[in-house]
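The data block below is upload02.cif; it holds mmCIF, C-alpha atoms.
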```
data_start
loop_
_atom_site.group_PDB
_atom_site.id
_atom_site.type_symbol
_atom_site.label_atom_id
_atom_site.label_comp_id
_atom_site.auth_asym_id
_atom_site.auth_seq_id
_atom_site.Cartn_x
_atom_site.Cartn_y
_atom_site.Cartn_z
ATOM 1 C CA MET A 20 9.155 32.532 -5.763
ATOM 2 C CA LYS A 21 9.150 33.320 -9.483
ATOM 3 C CA LYS A 22 6.300 35.392 -10.895
ATOM 4 C CA HIS A 23 5.353 32.787 -13.524
ATOM 5 C CA VAL A 24 4.469 30.292 -10.754
ATOM 6 C CA TYR A 25 1.703 32.658 -9.509
ATOM 7 C CA LEU A 26 0.507 33.300 -13.063
ATOM 8 C CA LYS A 27 0.373 29.562 -13.810
ATOM 9 C CA PHE A 28 -1.588 28.953 -10.602
ATOM 10 C CA ALA A 29 -4.028 31.809 -11.403
ATOM 11 C CA GLY A 30 -4.433 30.419 -14.948
ATOM 12 C CA LYS A 31 -5.327 26.992 -13.572
ATOM 13 C CA LEU A 32 -7.903 28.528 -11.201
ATOM 14 C CA VAL A 33 -9.561 30.432 -14.060
ATOM 15 C CA LEU A 34 -9.551 27.317 -16.267
ATOM 16 C CA PHE A 35 -11.141 25.154 -13.551
ATOM 17 C CA ALA A 36 -13.720 27.872 -12.829
ATOM 18 C CA LEU A 37 -14.657 28.023 -16.533
ATOM 19 C CA VAL A 38 -14.886 24.229 -16.819
ATOM 20 C CA GLY A 39 -16.993 24.123 -13.635
ATOM 21 C CA ALA A 40 -19.320 26.839 -14.941
ATOM 22 C CA ALA A 41 -19.704 25.068 -18.314
ATOM 23 C CA ILE A 42 -20.476 21.729 -16.644
ATOM 24 C CA GLY A 43 -22.917 23.359 -14.230
ATOM 25 C CA TYR A 44 -24.698 25.186 -17.038
ATOM 26 C CA GLY A 45 -24.739 22.064 -19.243
ATOM 27 C CA GLY A 46 -26.021 19.913 -16.396
ATOM 28 C CA GLY A 47 -28.780 22.357 -15.574
ATOM 29 C CA ALA A 48 -29.794 22.634 -19.233
ATOM 30 C CA LEU A 49 -29.855 18.839 -19.649
ATOM 31 C CA LEU A 50 -31.877 18.401 -16.473
ATOM 32 C CA SER A 51 -34.493 20.866 -17.641
ATOM 33 C CA ASP A 52 -34.623 19.179 -21.111
ATOM 34 C CA LEU A 53 -34.879 15.644 -19.746
ATOM 35 C CA GLY A 54 -37.118 16.378 -16.839
ATOM 36 C CA VAL A 55 -36.634 15.137 -13.284
ATOM 37 C CA ALA A 56 -38.514 11.844 -13.886
ATOM 38 C CA LYS A 57 -36.103 10.724 -16.609
ATOM 39 C CA VAL A 58 -33.098 11.526 -14.465
ATOM 40 C CA TYR A 59 -34.545 9.364 -11.694
ATOM 41 C CA ASP A 60 -35.111 6.557 -14.251
ATOM 42 C CA LEU A 61 -31.463 6.845 -15.314
ATOM 43 C CA ARG A 62 -30.371 6.738 -11.685
ATOM 44 C CA ARG A 63 -32.444 3.613 -11.039
ATOM 45 C CA TRP A 64 -31.117 1.937 -14.194
ATOM 46 C CA LEU A 65 -27.503 2.677 -13.165
ATOM 47 C CA ALA A 66 -28.138 1.302 -9.657
ATOM 48 C CA GLN A 67 -29.610 -1.915 -11.112
ATOM 49 C CA LEU A 68 -26.749 -2.267 -13.598
ATOM 50 C CA SER A 69 -24.090 -1.831 -10.930
ATOM 51 C CA SER A 70 -25.743 -4.231 -8.489
ATOM 52 C CA GLN A 71 -26.010 -6.863 -11.265
ATOM 53 C CA ALA A 72 -22.326 -6.304 -12.096
ATOM 54 C CA ALA A 73 -21.453 -6.700 -8.396
ATOM 55 C CA PHE A 74 -22.327 -10.415 -8.550
ATOM 56 C CA TRP A 75 -19.852 -10.968 -11.390
ATOM 57 C CA VAL A 76 -17.201 -8.865 -9.645
ATOM 58 C CA LEU A 77 -17.553 -11.154 -6.618
ATOM 59 C CA ALA A 78 -17.151 -14.179 -8.915
ATOM 60 C CA ALA A 79 -14.066 -12.618 -10.565
ATOM 61 C CA ASN A 80 -12.706 -11.959 -7.085
ATOM 62 C CA LEU A 81 -12.404 -15.724 -6.579
ATOM 63 C CA VAL A 82 -10.174 -15.931 -9.672
ATOM 64 C CA LEU A 83 -8.006 -13.181 -8.191
ATOM 65 C CA LEU A 84 -7.726 -15.202 -5.002
ATOM 66 C CA ALA A 85 -6.762 -18.344 -6.952
ATOM 67 C CA VAL A 86 -3.868 -16.392 -8.514
ATOM 68 C CA GLY A 87 -2.956 -15.161 -5.021
ATOM 69 C CA PHE A 88 -2.842 -18.722 -3.674
ATOM 70 C CA GLY A 89 -0.616 -19.612 -6.652
ATOM 71 C CA PHE A 90 1.871 -16.889 -5.643
ATOM 72 C CA CYS A 91 1.699 -18.019 -2.021
ATOM 73 C CA LEU A 92 2.501 -21.598 -3.052
ATOM 74 C CA ARG A 93 5.388 -20.388 -5.211
ATOM 75 C CA GLY A 94 6.650 -18.305 -2.273
ATOM 76 C CA ARG A 95 6.431 -21.322 0.015
ATOM 77 C CA ASN A 96 8.387 -23.566 -2.372
ATOM 78 C CA LEU A 97 11.044 -20.946 -3.077
ATOM 79 C CA GLY A 98 11.249 -20.169 0.639
ATOM 80 C CA ALA A 99 11.799 -23.831 1.514
ATOM 81 C CA ARG A 100 14.634 -24.003 -1.043
ATOM 82 C CA ALA A 101 16.105 -20.737 0.256
ATOM 83 C CA LEU A 102 16.132 -22.028 3.855
ATOM 84 C CA GLU A 103 17.651 -25.318 2.739
ATOM 85 C CA LYS A 104 20.371 -23.900 0.472
ATOM 86 C CA GLU A 105 20.891 -20.468 2.155
ATOM 87 C CA VAL A 106 20.925 -18.728 -1.227
ATOM 88 C CA ASP A 107 20.271 -14.978 -0.934
ATOM 89 C CA ARG A 108 18.665 -14.686 -4.383
ATOM 90 C CA LEU A 109 16.118 -17.402 -3.512
ATOM 91 C CA TYR A 110 15.082 -15.468 -0.412
ATOM 92 C CA GLU A 111 14.443 -12.383 -2.539
ATOM 93 C CA LYS A 112 12.387 -14.356 -5.082
ATOM 94 C CA ALA A 113 10.363 -16.045 -2.318
ATOM 95 C CA GLU A 114 9.645 -12.686 -0.667
ATOM 96 C CA GLU A 115 8.616 -11.167 -4.002
ATOM 97 C CA ALA A 116 6.104 -13.980 -4.606
ATOM 98 C CA LEU A 117 4.746 -13.632 -1.054
ATOM 99 C CA CYS A 118 4.464 -9.865 -1.481
ATOM 100 C CA ARG A 119 2.360 -10.394 -4.621
ATOM 101 C CA ALA A 120 0.177 -12.920 -2.789
ATOM 102 C CA MET A 121 -0.417 -10.423 0.050
ATOM 103 C CA THR A 122 -1.224 -7.609 -2.401
ATOM 104 C CA LEU A 123 -3.834 -9.788 -4.137
ATOM 105 C CA ALA A 124 -5.294 -10.895 -0.772
ATOM 106 C CA ASN A 125 -5.645 -7.265 0.369
ATOM 107 C CA ILE A 126 -7.196 -6.176 -2.955
ATOM 108 C CA SER A 127 -9.590 -9.119 -2.836
ATOM 109 C CA VAL A 128 -10.841 -8.307 0.687
ATOM 110 C CA VAL A 129 -11.560 -4.655 -0.226
ATOM 111 C CA LEU A 130 -13.034 -5.534 -3.634
ATOM 112 C CA GLY A 131 -15.311 -8.117 -2.029
ATOM 113 C CA LEU A 132 -16.621 -5.667 0.555
ATOM 114 C CA ALA A 133 -17.172 -2.925 -2.046
ATOM 115 C CA ALA A 134 -18.937 -5.258 -4.495
ATOM 116 C CA PHE A 135 -21.155 -6.714 -1.783
ATOM 117 C CA GLY A 136 -22.019 -3.209 -0.625
ATOM 118 C CA VAL A 137 -23.227 -2.418 -4.155
ATOM 119 C CA ALA A 138 -25.080 -5.751 -4.342
ATOM 120 C CA CYS A 139 -26.965 -4.834 -1.149
ATOM 121 C CA CYS A 140 -28.821 -2.147 -3.147
ATOM 122 C CA ASP A 141 -30.873 -4.959 -4.738
ATOM 123 C CA MET A 142 -32.295 -7.637 -2.409
ATOM 124 C CA ASP A 143 -32.277 -10.422 -5.060
ATOM 125 C CA VAL A 144 -28.703 -9.722 -6.102
ATOM 126 C CA MET A 145 -27.677 -9.485 -2.470
ATOM 127 C CA MET A 146 -29.088 -12.943 -1.668
ATOM 128 C CA ARG A 147 -27.399 -14.457 -4.740
ATOM 129 C CA SER A 148 -24.100 -12.722 -3.926
ATOM 130 C CA LEU A 149 -23.985 -13.579 -0.241
ATOM 131 C CA PRO A 150 -22.338 -17.059 -0.582
ATOM 132 C CA LEU A 151 -19.738 -15.657 -3.009
ATOM 133 C CA PHE A 152 -19.061 -12.758 -0.671
ATOM 134 C CA ILE A 153 -18.606 -14.966 2.411
ATOM 135 C CA LEU A 154 -16.424 -17.432 0.488
ATOM 136 C CA GLY A 155 -14.287 -14.620 -0.973
ATOM 137 C CA GLU A 156 -13.751 -12.903 2.383
ATOM 138 C CA ALA A 157 -12.920 -16.208 4.122
ATOM 139 C CA LEU A 158 -10.439 -17.164 1.395
ATOM 140 C CA GLY A 159 -8.959 -13.662 1.431
ATOM 141 C CA MET A 160 -8.340 -13.901 5.182
ATOM 142 C CA ALA A 161 -6.917 -17.422 4.762
ATOM 143 C CA LEU A 162 -4.545 -16.181 2.047
ATOM 144 C CA GLN A 163 -3.412 -13.292 4.255
ATOM 145 C CA HIS A 164 -2.818 -15.704 7.131
ATOM 146 C CA LEU A 165 -0.876 -18.217 5.007
ATOM 147 C CA THR A 166 1.242 -15.475 3.435
ATOM 148 C CA VAL A 167 2.116 -14.011 6.846
ATOM 149 C CA ARG A 168 3.028 -17.490 8.156
ATOM 150 C CA ARG A 169 5.282 -18.152 5.153
ATOM 151 C CA THR A 170 6.938 -14.732 5.562
ATOM 152 C CA GLN A 171 7.500 -15.478 9.261
ATOM 153 C CA ALA A 172 9.100 -18.810 8.338
ATOM 154 C CA LEU A 173 11.621 -16.874 6.225
ATOM 155 C CA ASN A 174 12.005 -14.067 8.773
ATOM 156 C CA PRO A 175 11.492 -15.502 12.271
ATOM 157 C CA GLU A 176 11.846 -12.068 13.893
ATOM 158 C CA LYS A 177 8.498 -10.986 12.411
ATOM 159 C CA LYS A 178 5.637 -11.092 14.915
ATOM 160 C CA GLY A 179 1.840 -11.055 14.822
ATOM 161 C CA SER A 180 -1.174 -12.887 13.440
ATOM 162 C CA VAL A 181 -3.774 -11.488 11.035
ATOM 163 C CA PHE A 182 -6.464 -12.798 13.379
ATOM 164 C CA GLU A 183 -5.384 -10.370 16.100
ATOM 165 C CA ALA A 184 -6.647 -6.781 16.161
ATOM 166 C CA ARG A 185 -3.133 -5.449 16.894
ATOM 167 C CA PHE A 186 -1.542 -7.287 13.961
ATOM 168 C CA VAL A 187 -0.274 -4.220 12.078
ATOM 169 C CA ARG A 188 1.174 -2.740 15.276
ATOM 170 C CA GLN A 189 2.897 -6.040 16.222
ATOM 171 C CA TRP A 190 4.306 -6.408 12.708
ATOM 172 C CA TYR A 191 5.619 -2.835 12.708
ATOM 173 C CA ASP A 192 7.196 -3.299 16.154
ATOM 174 C CA SER A 193 9.080 -6.341 14.902
ATOM 175 C CA CYS A 194 10.553 -4.415 11.948
ATOM 176 C CA ASP A 195 14.078 -3.002 12.063
ATOM 177 C CA GLU A 196 15.262 0.457 10.947
ATOM 178 C CA ALA A 197 15.415 -0.314 7.200
ATOM 179 C CA GLN A 198 11.993 -1.930 7.156
ATOM 180 C CA ARG A 199 10.448 0.941 9.129
ATOM 181 C CA LYS A 200 11.926 3.356 6.607
ATOM 182 C CA GLN A 201 10.340 1.327 3.794
ATOM 183 C CA ILE A 202 6.969 1.386 5.594
ATOM 184 C CA GLY A 203 7.286 5.164 6.097
ATOM 185 C CA TRP A 204 8.125 5.730 2.432
ATOM 186 C CA ALA A 205 5.238 3.529 1.232
ATOM 187 C CA ALA A 206 2.817 5.250 3.660
ATOM 188 C CA PHE A 207 3.914 8.687 2.425
ATOM 189 C CA LYS A 208 3.442 7.655 -1.221
ATOM 190 C CA SER A 209 0.033 6.213 -0.391
ATOM 191 C CA PHE A 210 -0.901 9.454 1.416
ATOM 192 C CA ARG A 211 0.064 11.493 -1.656
ATOM 193 C CA VAL A 212 -1.919 9.201 -3.973
ATOM 194 C CA MET A 213 -4.997 9.511 -1.766
ATOM 195 C CA GLN A 214 -4.614 13.312 -1.565
ATOM 196 C CA ASN A 215 -4.668 13.490 -5.382
ATOM 197 C CA ILE A 216 -7.569 11.059 -5.657
ATOM 198 C CA PHE A 217 -9.648 12.970 -3.097
ATOM 199 C CA ALA A 218 -8.927 16.291 -4.838
ATOM 200 C CA TRP A 219 -9.665 15.049 -8.360
ATOM 201 C CA ALA A 220 -12.691 12.959 -7.304
ATOM 202 C CA PHE A 221 -14.513 16.212 -6.580
ATOM 203 C CA VAL A 222 -14.784 17.058 -10.299
ATOM 204 C CA PRO A 223 -16.641 13.912 -11.512
ATOM 205 C CA LEU A 224 -18.706 13.832 -8.321
ATOM 206 C CA ALA A 225 -19.736 17.464 -8.817
ATOM 207 C CA VAL A 226 -20.665 16.699 -12.439
ATOM 208 C CA LEU A 227 -22.766 13.706 -11.358
ATOM 209 C CA GLY A 228 -24.268 15.863 -8.615
ATOM 210 C CA CYS A 229 -25.306 18.477 -11.237
ATOM 211 C CA TYR A 230 -27.104 15.754 -13.180
ATOM 212 C CA GLY A 231 -28.799 14.499 -10.016
ATOM 213 C CA LEU A 232 -27.040 11.124 -10.261
ATOM 214 C CA VAL A 233 -25.423 11.339 -6.825
ATOM 215 C CA GLY A 234 -26.888 12.788 -3.663
ATOM 216 C CA PRO A 235 -25.496 14.860 -0.766
ATOM 217 C CA LEU A 236 -24.553 11.697 1.170
ATOM 218 C CA VAL A 237 -21.794 10.956 -1.355
ATOM 219 C CA PHE A 238 -20.225 14.378 -0.691
ATOM 220 C CA LEU A 239 -20.509 13.872 3.061
ATOM 221 C CA VAL A 240 -18.697 10.520 2.812
ATOM 222 C CA TRP A 241 -16.081 11.970 0.431
ATOM 223 C CA GLY A 242 -15.468 14.994 2.641
ATOM 224 C CA GLY A 243 -15.548 12.973 5.854
ATOM 225 C CA LEU A 244 -12.932 10.481 4.660
ATOM 226 C CA TRP A 245 -10.649 13.220 3.349
ATOM 227 C CA MET A 246 -11.046 15.145 6.600
ATOM 228 C CA VAL A 247 -10.073 12.076 8.641
ATOM 229 C CA GLN A 248 -6.957 11.632 6.516
ATOM 230 C CA VAL A 249 -5.903 15.287 6.759
ATOM 231 C CA VAL A 250 -6.605 15.612 10.508
ATOM 232 C CA SER A 251 -4.990 12.279 11.455
ATOM 233 C CA TYR A 252 -1.890 13.129 9.385
ATOM 234 C CA SER A 253 -1.569 16.532 11.080
ATOM 235 C CA PHE A 254 -2.147 14.994 14.506
ATOM 236 C CA TYR A 255 0.574 12.354 14.110
ATOM 237 C CA ALA A 256 2.964 14.783 12.411
ATOM 238 C CA ARG A 257 2.627 17.057 15.476
ATOM 239 C CA LYS A 258 3.282 14.104 17.800
ATOM 240 C CA ALA A 259 6.341 13.180 15.749
ATOM 241 C CA GLU A 260 7.655 16.750 16.077
ATOM 242 C CA LYS A 261 7.436 16.363 19.848
ATOM 243 C CA GLY A 262 9.452 13.147 19.606
ATOM 244 C CA GLN A 263 6.476 10.953 20.495
ATOM 245 C CA ILE A 264 7.099 8.376 17.780
ATOM 246 C CA GLN A 265 6.144 5.002 19.215
ATOM 247 C CA MET B 23 26.797 11.435 -2.425
ATOM 248 C CA PRO B 24 26.132 7.648 -2.701
ATOM 249 C CA LEU B 25 27.506 5.326 -0.088
ATOM 250 C CA GLU B 26 29.586 2.340 -1.167
ATOM 251 C CA ASN B 27 30.164 -0.647 1.025
ATOM 252 C CA ARG B 28 32.257 -3.792 1.214
ATOM 253 C CA LEU B 29 29.924 -5.618 3.570
ATOM 254 C CA LYS B 30 29.411 -8.602 1.251
ATOM 255 C CA GLU B 31 33.163 -9.016 0.905
ATOM 256 C CA TYR B 32 33.783 -8.879 4.677
ATOM 257 C CA ARG B 33 30.843 -11.205 5.356
ATOM 258 C CA ALA B 34 32.081 -13.764 2.827
ATOM 259 C CA ARG B 35 35.549 -13.615 4.361
ATOM 260 C CA GLN B 36 34.057 -14.560 7.732
ATOM 261 C CA GLY B 37 31.874 -17.272 6.171
ATOM 262 C CA LEU B 38 28.654 -15.665 7.400
ATOM 263 C CA ASN B 39 25.356 -15.735 5.548
ATOM 264 C CA GLN B 40 23.000 -12.735 5.551
ATOM 265 C CA GLY B 41 20.792 -14.207 8.273
ATOM 266 C CA GLN B 42 23.727 -14.845 10.603
ATOM 267 C CA MET B 43 25.116 -11.376 9.905
ATOM 268 C CA GLY B 44 21.721 -9.877 10.694
ATOM 269 C CA GLN B 45 21.545 -11.743 14.000
ATOM 270 C CA LEU B 46 24.997 -10.518 15.008
ATOM 271 C CA VAL B 47 24.070 -6.864 14.517
ATOM 272 C CA GLY B 48 20.405 -7.113 15.537
ATOM 273 C CA VAL B 49 18.675 -6.538 12.201
ATOM 274 C CA SER B 50 16.851 -8.713 9.677
ATOM 275 C CA ARG B 51 18.413 -10.662 6.815
ATOM 276 C CA GLN B 52 16.453 -8.378 4.463
ATOM 277 C CA THR B 53 18.219 -5.302 5.843
ATOM 278 C CA ILE B 54 21.650 -6.864 5.317
ATOM 279 C CA SER B 55 20.593 -7.652 1.745
ATOM 280 C CA LEU B 56 19.398 -4.045 1.227
ATOM 281 C CA ILE B 57 22.683 -2.619 2.544
ATOM 282 C CA GLU B 58 24.765 -4.926 0.344
ATOM 283 C CA ARG B 59 22.764 -3.946 -2.734
ATOM 284 C CA GLY B 60 23.244 -0.269 -1.888
ATOM 285 C CA ASP B 61 19.483 0.217 -1.507
ATOM 286 C CA TYR B 62 19.706 1.313 2.110
ATOM 287 C CA ASN B 63 22.198 3.480 3.984
ATOM 288 C CA PRO B 64 22.450 2.193 7.560
ATOM 289 C CA SER B 65 22.191 4.436 10.600
ATOM 290 C CA VAL B 66 25.409 5.406 12.366
ATOM 291 C CA THR B 67 24.570 2.945 15.161
ATOM 292 C CA LEU B 68 24.137 0.056 12.738
ATOM 293 C CA ALA B 69 27.266 0.960 10.770
ATOM 294 C CA LEU B 70 29.261 0.975 14.037
ATOM 295 C CA ARG B 71 27.798 -2.400 15.046
ATOM 296 C CA ILE B 72 28.704 -3.884 11.650
ATOM 297 C CA ALA B 73 32.245 -2.554 11.898
ATOM 298 C CA ALA B 74 32.536 -3.972 15.428
ATOM 299 C CA VAL B 75 31.666 -7.473 14.183
ATOM 300 C CA PHE B 76 34.668 -7.405 11.826
ATOM 301 C CA ARG B 77 36.831 -5.420 14.283
ATOM 302 C CA VAL B 78 37.572 -2.730 11.737
ATOM 303 C CA GLN B 79 36.834 0.988 11.355
ATOM 304 C CA VAL B 80 33.499 2.025 9.831
ATOM 305 C CA GLU B 81 35.427 3.664 6.981
ATOM 306 C CA ASP B 82 36.929 0.284 6.058
ATOM 307 C CA ILE B 83 33.460 -0.986 5.155
ATOM 308 C CA PHE B 84 31.567 2.164 4.202
ATOM 309 C CA SER B 85 32.854 4.978 2.026
ATOM 310 C CA LEU B 86 31.395 7.842 0.002
ATOM 311 C CA THR B 87 31.849 7.353 -3.727
ATOM 312 C CA GLY B 88 33.817 10.065 -5.473
ATOM 313 C CA GLU B 89 35.345 11.109 -2.164
ATOM 314 C CA GLU B 90 38.700 12.811 -2.617
ATOM 315 C CA GLU B 91 41.582 11.141 -0.878
ATOM 316 C CA GLU B 92 43.888 13.406 1.035
#
```
Could you take the file, read its structure, and then write that structure out as structure tokens?
Amino acid sequence: MKKHVYLKFAGKLVLFALVGAAIGYGGGALLSDLGVAKVYDLRRWLAQLSSQAAFWVLAANLVLLAVGFGFCLRGRNLGARALEKEVDRLYEKAEEALCRAMTLANISVVLGLAAFGVACCDMDVMMRSLPLFILGEALGMALQHLTVRRTQALNPEKKGSVFEARFVRQWYDSCDEAQRKQIGWAAFKSFRVMQNIFAWAFVPLAVLGCYGLVGPLVFLVWGGLWMVQVVSYSFYARKAEKGQIQ
Amino acid sequence: MPLENRLKEYRARQGLNQGQMGQLVGVSRQTISLIERGDYNPSVTLALRIAAVFRVQVEDIFSLTGEEEE
């Protein structure tokens, strides 16, 4: 390996160490200036603000779902025309619309859970948000189900129902070599994205930790999730090396 | 080296649509579409199955672009 690669790496380490030291020093200085009570006030205010925002995020989630249902409808209509006329381009357009519908359904389910989790920090907001949360999750599941059904109408070889626990496994088993390669590529890209996010998330979390705005639990969750990803990847990579890909 | 194919041409000659072609070789319509667009290089097994459908050699359908002819 070329010498400049080591120098560049060492330079980055020094830079990050200096930035970390500056943030730590700044955070400590600010904390001593503000006093612990004010930091706790700020923390409480941020918690209230985010739980209030959670209600509106849950409302916006319904708009996202409406767009998703629009894509699903478009996919259904294009799919019906594709099946009737046997035009390859129509199949591709129908599948594209259904793919967008599924993406929005998946985002909506996660967004709903995250927003409701934040809303739970405030009992009043939680009670107001509960109907929106239930409606959003039910519609999200319905959109996933409809999208899968429409995709199965276009590709009868695809198996599984979103209401079954083994859905992802059944779907994967019904994929052929090209589709499995696509799934593998997408999973690898997703793994890389998450690796970068986990690594970079440490910096803002550490800064917030210095200011007393996040507690040790956040670091335990962050570390725990990253650990699960790293260990499960290594475990399955080892199994794959032994030819145990099933 | 990219792989070129004449699958669409052979399929049209036989009057098969992508779905029917997929059924004959045991893959999805989407995979046939991907191969025709050059977005997926099939496995050796699949290439042999495709060639068998048209009763030709694999090289008649698939070829490396820029390959020097002897």
Could the residues of chain A within 8 Å of chain B, counting all atoms listed in the file, be given as a PyMOL selection string, please?
chain A and resi 105+107+174+176+194-198
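The residue that comes closest to B:Phe76, out of B:Gly37, B:Tyr32, B:Pro24, B:Val47 and on the basis of all atoms listed in the file, is B:Tyr32.
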Evaluate the PyMOL selection byres ((chain A and resi 66) around 12) on the structure here and hand back the selected residues as an MDAnalysis selection string.
chainID A and resid 59:65 67:73 136:141 144 232:233
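Considering the residues B:Ala73, B:Ala34, B:Leu25, B:Leu46 and counting all atoms listed in the file, B:Ser85 has its shortest atom-to-atom contact with B:Leu25.
Atom to atom, atom CA of A:Ile264 and atom CA of A:Met121 stand 26.9 Å apart.
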Take the PyMOL selection byres ((chain A and resi 220-225) around 10), run it mentally on this structure, and tell me the resulting residues as a list in words.
Phe35, Val38, Gly39, Ile42, Gly43, Gln214, Asn215, Ile216, Phe217, Ala218, Trp219, Val226, Leu227, Gly228, Cys229, Tyr230, Gly231, Leu232, Val233, Gly234, Val237, Phe238, Trp241 and Gly242 of chain A
What is the distance between atom CA of A:Glu156 and atom CA of A:Leu130, in Å to one decimal?
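Value for the atom CA of A:Glu156-atom CA of A:Leu130 distance: 9.5 Å.
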Padded axis-aligned box of stretch 103-108 of chain A (4 Å per side), centre and edge lengths, Å, one decimal, as JSON:
```
{"center_x": 19.3, "center_y": -20.0, "center_z": -0.8, "size_x": 11.3, "size_y": 18.6, "size_z": 15.1}
```
Enter the distance from atom CA of A:Ala78 to atom CA of A:Arg95, in Å, rounded to one decimal.
26.2 Å
Top pick for closest residue to A:Met145, considering A:Val187, A:Arg169, A:Phe74, A:Ser127 and counting only C-alpha atoms:
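The closest residue to A:Met145 is A:Phe74.
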Leaving out B:Ile83 and any residue of its chain fewer than 3 positions from it, which residues lie within 12 Å of it when counting all atoms listed in the file, given as a ChimeraX atom specification?
/B:25-33,57-58,64,69-80,86
Which of these, A:Trp245, A:Leu149, A:Arg168, A:Leu132, has the shortest distance to A:Leu92 once you count only C-alpha atoms?
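Smallest separation from A:Leu92 among the options: A:Arg168.
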Check the smallest atom-to-atom distance from each of A:Ile153, A:Val181, A:Ala259, A:Leu162 to A:Leu77 using all atoms listed in the file, then report the winner.
A:Ile153
